[in-house]
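Asker: My questions all concern the structure below.
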Amino acid sequence: MVSLVKLSPERTSGWLEAVRLISAWFSTKERLDRIMEQTSHDLSHTERARCQHLVYGVVRHSLKLEKTLGQFVAHPPRFVTRAILYVAGFEIIDEPAQIAQIVHHAVEHAKDLSSLAEAKLINAVARKMGKSLTELVAPGPIASAENLSMYYSHPEWLVKRWLVMLGAQATRSLLEWNQSPAPVYARWRTGVEAAAQGIPDWLKPTPWENFYEISSGKWSDVEVLLKSGAIYLQDPGTRLSVDLLNPKPGESVLDLCAAPGGKSLQIADRLKTEGLLASWDLPVARIDRLRENLSLAKGLKTEVVVGDILGEGARCLRQENLPTQYDAVLIDVPCSNTGVMRHRIDVRFRLQENDFSKHTRQQLRLLEAASEYVKSGGRLVYSTCSIDKEENEKVVEDFLKKNETVYVLEKKEISYPWITGHDGAAAFLLRKK
């Protein structure tokens with residue numbers, strides 16, 4: 001860690017931007033990825049990295065920070081003041097030996113960002129918060145859901161659900177996993193002309209073929225490789241469904257719920273320059289990202305299909321002069337995202353208890369719709385980025401009960417992140433008889 005006594009102007013600029021973004025998160029309740037899109041373009045790479053570290057850290061620990069702040073103030077202060085306290089609180093969690101410097105830094109900036117009276121409040125409250133936060137110890141092995149919820153900053157109802165579904169030890173492992181910062185991974189696109197110069201040494205090998213961890217401080221080099229098409233930023237957990245689908249050159253493949261296109265590009269790279277890939281999704285903003293990603297697949301016939309899979313059916317394919325039956329179909333359905341909470345750190349606060357039953361109804365309908373586009377003897381992969389049995393095994397079981405004379409389950413892969421070491425995911429390979 002860099003001592004806050006010696007804060008550079010760059011680190012201070014990143015701090016100020018973090019306070020602004022956290023304040024916006026409080027006031028708008030917008031999704032964090034959309035909040036982060038508002039990050040100032042004037043920040044250097046170092047400033048941007050500092051800002052992101054602070055924002056993600058605050059959101060990751062926000063329930064703990066909220067409960068700690070509640071011990072010392074009767075009513076939550078206004079958004080900017082609360083943001084300053086939360087950023088200072090996370091810094092104390094991150095650098096507990098620097099409490100005095102962290103508080104001084106927050107108070108000095110509060111004089112400009114809020115008011116002199118609020119700066120005095122921050123001085124008093126932040127010191128108390130610092131003492132409370134540094135005295136917290138991890139809950140014991142038989143801790144209650146309430147204690148686990150507070151310490152690991154997850155909603156209590158969700159902790160209770162995991163305790164029932166996973167057990168005490170696995171739940172704790174998942175909570176700890178979600179609280180750890182996520183590395184940035186890149187998939188090396190073998191066979192792409194831009195990759196011919198070889199893999200740079202700042203891409204660190206991982207246990208997963210063609211996936212590399214990006215060393216810190218290399219973003220300018222990363223941008224060069226991204227523009228050339230040599231790499232695609234992607235967690236290794238995304239490979240599970242594509243590995244099960246196992247697309248081969250010359251095959252026709254349909255990718256449903258495809259935007260923004262990371263898995264479509266993986267499929268395209270497997271097909272190389274032979275075959276057909278049709279990628280289908282709703283007319284949403286991410287459809288442009290899908291088109292952009294597929295443009296990286298040189299020499300392969302690719303098509304983007306826009307429409308409602310449930311409402312419009314095969315008509316969308318016929319409008320594009322595309323076949324209605326495919327050798328392989330992938331459907332990566334919308335889900336709770338419980339497997340990717342380390343990356344999508346605000347999901348835990350947006351998720352509601354009744355979302356699971358809503359998701360499973362839609363997921364089953366989508367899987368049944370996808371099954372209509374599979375050739376006889378063809379392959380259908382159902383996948384999620386959830387680790388919840390209701391969205392995974394139960395959906396597939398319900399589908400097979402209705403279609404046992406047509407489909408058989410050949411294989412499944414489930415990634416529990418604290419075991420696999422990458423994002424959680426589930427994929428099920430179904431074969432049409």
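FYI, nothing fancy with the structure tokens labels: chains A, B, ... in order, residues from 1 per chain, ligands from 1 as they appear.
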Quick one: everything within 12 Å of region 332-334 of chain A, counting only C-alpha atoms, minus sequence neighbours fewer than 6 positions away in the same chain. Send it as an MDAnalysis selection string.
Answerer: chainID A and resid 238:242 245 254:264 279:281 309 355:356 358:370 380:386 391:392 395 425:428
Asker: If you run DSSP on the backbone here, which positions in region 65-292 of chain A get alpha helix (DSSP H)? Please write them as an NGL selection string.
Answerer: :A and (65-70 or 79-94 or 99-113 or 116-135 or 145-152 or 156-166 or 168-178 or 219-228 or 239-245 or 262-271 or 287-292)
Asker: Which of these, A:Ser357, A:Lys120, A:Arg431, A:Asp388, has the shortest distance to Thr405 (chain A) once you count only C-alpha atoms?
Answerer: A:Arg431
Asker: For region 157-166 of chain A, find every residue with an atom within 8 Å (counting only C-alpha atoms), except residues of its own chain fewer than 6 positions away, and show them as a list in words.
Answerer: Ala145, Leu148, Ser149 and Glu353 of chain A
Asker: So which one's closest to Leu121 (chain A), A:Arg379, A:Arg82, A:Arg348, A:His154? Using only C-alpha atoms, please.
Answerer: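 The closest residue to Leu121 (chain A) is A:Arg82.
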Asker: One decimal, Å: what's the distance from CA of Val347 (chain A) over to CA of Leu32 (chain A), could you say?
Answerer: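 Separation between CA of Val347 (chain A) and CA of Leu32 (chain A): 8.9 Å.
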Asker: When you draw a straight line from CA of Ile331 (chain A) to CA of Val305 (chain A), how long is it in Å?
Answerer: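 Separating CA of Ile331 (chain A) from CA of Val305 (chain A) is a distance of 14.0 Å.
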Asker: Can you measure CA of Asn293 (chain A) to CA of Thr420 (chain A) for me? One decimal in Å is fine.
Answerer: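 If I compute the distance from CA of Asn293 (chain A) to CA of Thr420 (chain A), I get 27.1 Å.
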Asker: Identify, on the basis of only C-alpha atoms, every residue whose closest approach to Ser153 (chain A) does not exceed 6 Å; exclude the query and any residue fewer than 5 positions from it along the same chain; express the result as a list in words.
Answerer: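 Counting only the stated atoms, we get His61, Leu63 and Lys64 of chain A.
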Asker: From the options A:Ala170, A:Ile122, A:Ala182, A:Leu233, which residue's atoms come nearest to Leu203 (chain A), counting only C-alpha atoms?
Answerer: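 Closest residue, counting only C-alpha atoms: A:Leu233.
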Asker: For Ala83 (chain A), which residue among A:His105, A:Arg50, A:Arg20, A:Lys204 is the nearest when counting only C-alpha atoms?
Answerer: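 Smallest separation from Ala83 (chain A) among the options: A:Arg20.
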Asker: Within 7 Å of region 58-60 of chain A, counting only C-alpha atoms, which residues show up once you throw out same-chain ones fewer than 4 positions away? Write them as JSON, numbers by chain, please.
Answerer: {"A": [54, 86, 87, 90, 153, 179, 345, 346]}
Asker: Keeping only N, CA and C atoms, write the selected residues as a PDB file, in the first residue's frame.
Answerer:
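Full text of result.pdb as output:
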```
ATOM      1  N   LEU A  54     -11.538   2.417  -5.123  1.00  0.00           N
ATOM      2  CA  LEU A  54     -12.300   2.977  -4.017  1.00  0.00           C
ATOM      3  C   LEU A  54     -13.800   2.753  -4.193  1.00  0.00           C
ATOM      4  N   TYR A  86     -18.050   7.000   3.668  1.00  0.00           N
ATOM      5  CA  TYR A  86     -17.944   5.631   3.165  1.00  0.00           C
ATOM      6  C   TYR A  86     -16.581   5.394   2.519  1.00  0.00           C
ATOM      7  N   VAL A  87     -16.116   6.367   1.725  1.00  0.00           N
ATOM      8  CA  VAL A  87     -14.798   6.212   1.092  1.00  0.00           C
ATOM      9  C   VAL A  87     -13.717   6.140   2.169  1.00  0.00           C
ATOM     10  N   PHE A  90     -13.911   2.713   3.845  1.00  0.00           N
ATOM     11  CA  PHE A  90     -13.280   1.635   3.076  1.00  0.00           C
ATOM     12  C   PHE A  90     -11.762   1.760   3.123  1.00  0.00           C
ATOM     13  N   SER A 153     -21.128  -8.041   4.279  1.00  0.00           N
ATOM     14  CA  SER A 153     -21.908  -7.090   3.473  1.00  0.00           C
ATOM     15  C   SER A 153     -22.748  -7.765   2.386  1.00  0.00           C
ATOM     16  N   GLN A 179     -16.022 -10.914  -1.583  1.00  0.00           N
ATOM     17  CA  GLN A 179     -15.414  -9.722  -0.992  1.00  0.00           C
ATOM     18  C   GLN A 179     -13.998  -9.455  -1.496  1.00  0.00           C
ATOM     19  N   ILE A 345     -20.580  -6.329  -8.360  1.00  0.00           N
ATOM     20  CA  ILE A 345     -20.627  -6.283  -6.904  1.00  0.00           C
ATOM     21  C   ILE A 345     -21.890  -5.648  -6.342  1.00  0.00           C
ATOM     22  N   ASP A 346     -22.667  -4.925  -7.158  1.00  0.00           N
ATOM     23  CA  ASP A 346     -23.909  -4.352  -6.640  1.00  0.00           C
ATOM     24  C   ASP A 346     -25.108  -5.268  -6.854  1.00  0.00           C
TER      25      ASP A 346
END
```
Asker: With distances taken over only C-alpha atoms, which residue among A:Val103, A:Leu65, A:Val184, A:Met129 lies nearest Tyr151 (chain A)?
Answerer: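 Among the listed residues, the smallest separation from Tyr151 (chain A) belongs to A:Leu65.
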Asker: Neighbours of Gln234 (chain A) within 7 Å (only C-alpha atoms; same-chain residues fewer than 4 positions away dropped), as number ranges by chain?
Answerer: A: 185-187
Asker: Would you put the residues from that selection into a file with all heavy atoms, as a PDB file, in the first residue's frame?
Answerer:
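Contents of part_7.pdb, as written:
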```
ATOM      1  N   TYR A 185      -8.970 -10.719 -16.574  1.00  0.00           N
ATOM      2  CA  TYR A 185      -8.497 -11.794 -17.437  1.00  0.00           C
ATOM      3  C   TYR A 185      -8.697 -11.443 -18.912  1.00  0.00           C
ATOM      4  O   TYR A 185      -9.630 -10.707 -19.269  1.00  0.00           O
ATOM      5  CB  TYR A 185      -9.247 -13.099 -17.146  1.00  0.00           C
ATOM      6  CG  TYR A 185      -8.959 -13.701 -15.794  1.00  0.00           C
ATOM      7  CD1 TYR A 185      -9.880 -13.593 -14.752  1.00  0.00           C
ATOM      8  CD2 TYR A 185      -7.770 -14.387 -15.562  1.00  0.00           C
ATOM      9  CE1 TYR A 185      -9.624 -14.148 -13.512  1.00  0.00           C
ATOM     10  CE2 TYR A 185      -7.506 -14.945 -14.314  1.00  0.00           C
ATOM     11  CZ  TYR A 185      -8.433 -14.821 -13.301  1.00  0.00           C
ATOM     12  OH  TYR A 185      -8.174 -15.386 -12.075  1.00  0.00           O
ATOM     13  N   ALA A 186      -7.825 -11.971 -19.733  1.00  0.00           N
ATOM     14  CA  ALA A 186      -7.953 -11.820 -21.182  1.00  0.00           C
ATOM     15  C   ALA A 186      -7.880 -13.196 -21.832  1.00  0.00           C
ATOM     16  O   ALA A 186      -7.090 -14.046 -21.410  1.00  0.00           O
ATOM     17  CB  ALA A 186      -6.844 -10.927 -21.729  1.00  0.00           C
ATOM     18  N   ARG A 187      -8.709 -13.382 -22.832  1.00  0.00           N
ATOM     19  CA  ARG A 187      -8.617 -14.613 -23.639  1.00  0.00           C
ATOM     20  C   ARG A 187      -7.754 -14.324 -24.857  1.00  0.00           C
ATOM     21  O   ARG A 187      -8.004 -13.371 -25.597  1.00  0.00           O
ATOM     22  CB  ARG A 187     -10.007 -15.086 -24.074  1.00  0.00           C
ATOM     23  CG  ARG A 187      -9.987 -16.375 -24.898  1.00  0.00           C
ATOM     24  CD  ARG A 187     -11.390 -16.894 -25.153  1.00  0.00           C
ATOM     25  NE  ARG A 187     -12.174 -15.976 -25.961  1.00  0.00           N
ATOM     26  CZ  ARG A 187     -12.161 -15.930 -27.298  1.00  0.00           C
ATOM     27  NH1 ARG A 187     -11.369 -16.742 -27.992  1.00  0.00           N
ATOM     28  NH2 ARG A 187     -12.927 -15.065 -27.947  1.00  0.00           N
TER      29      ARG A 187
END
```
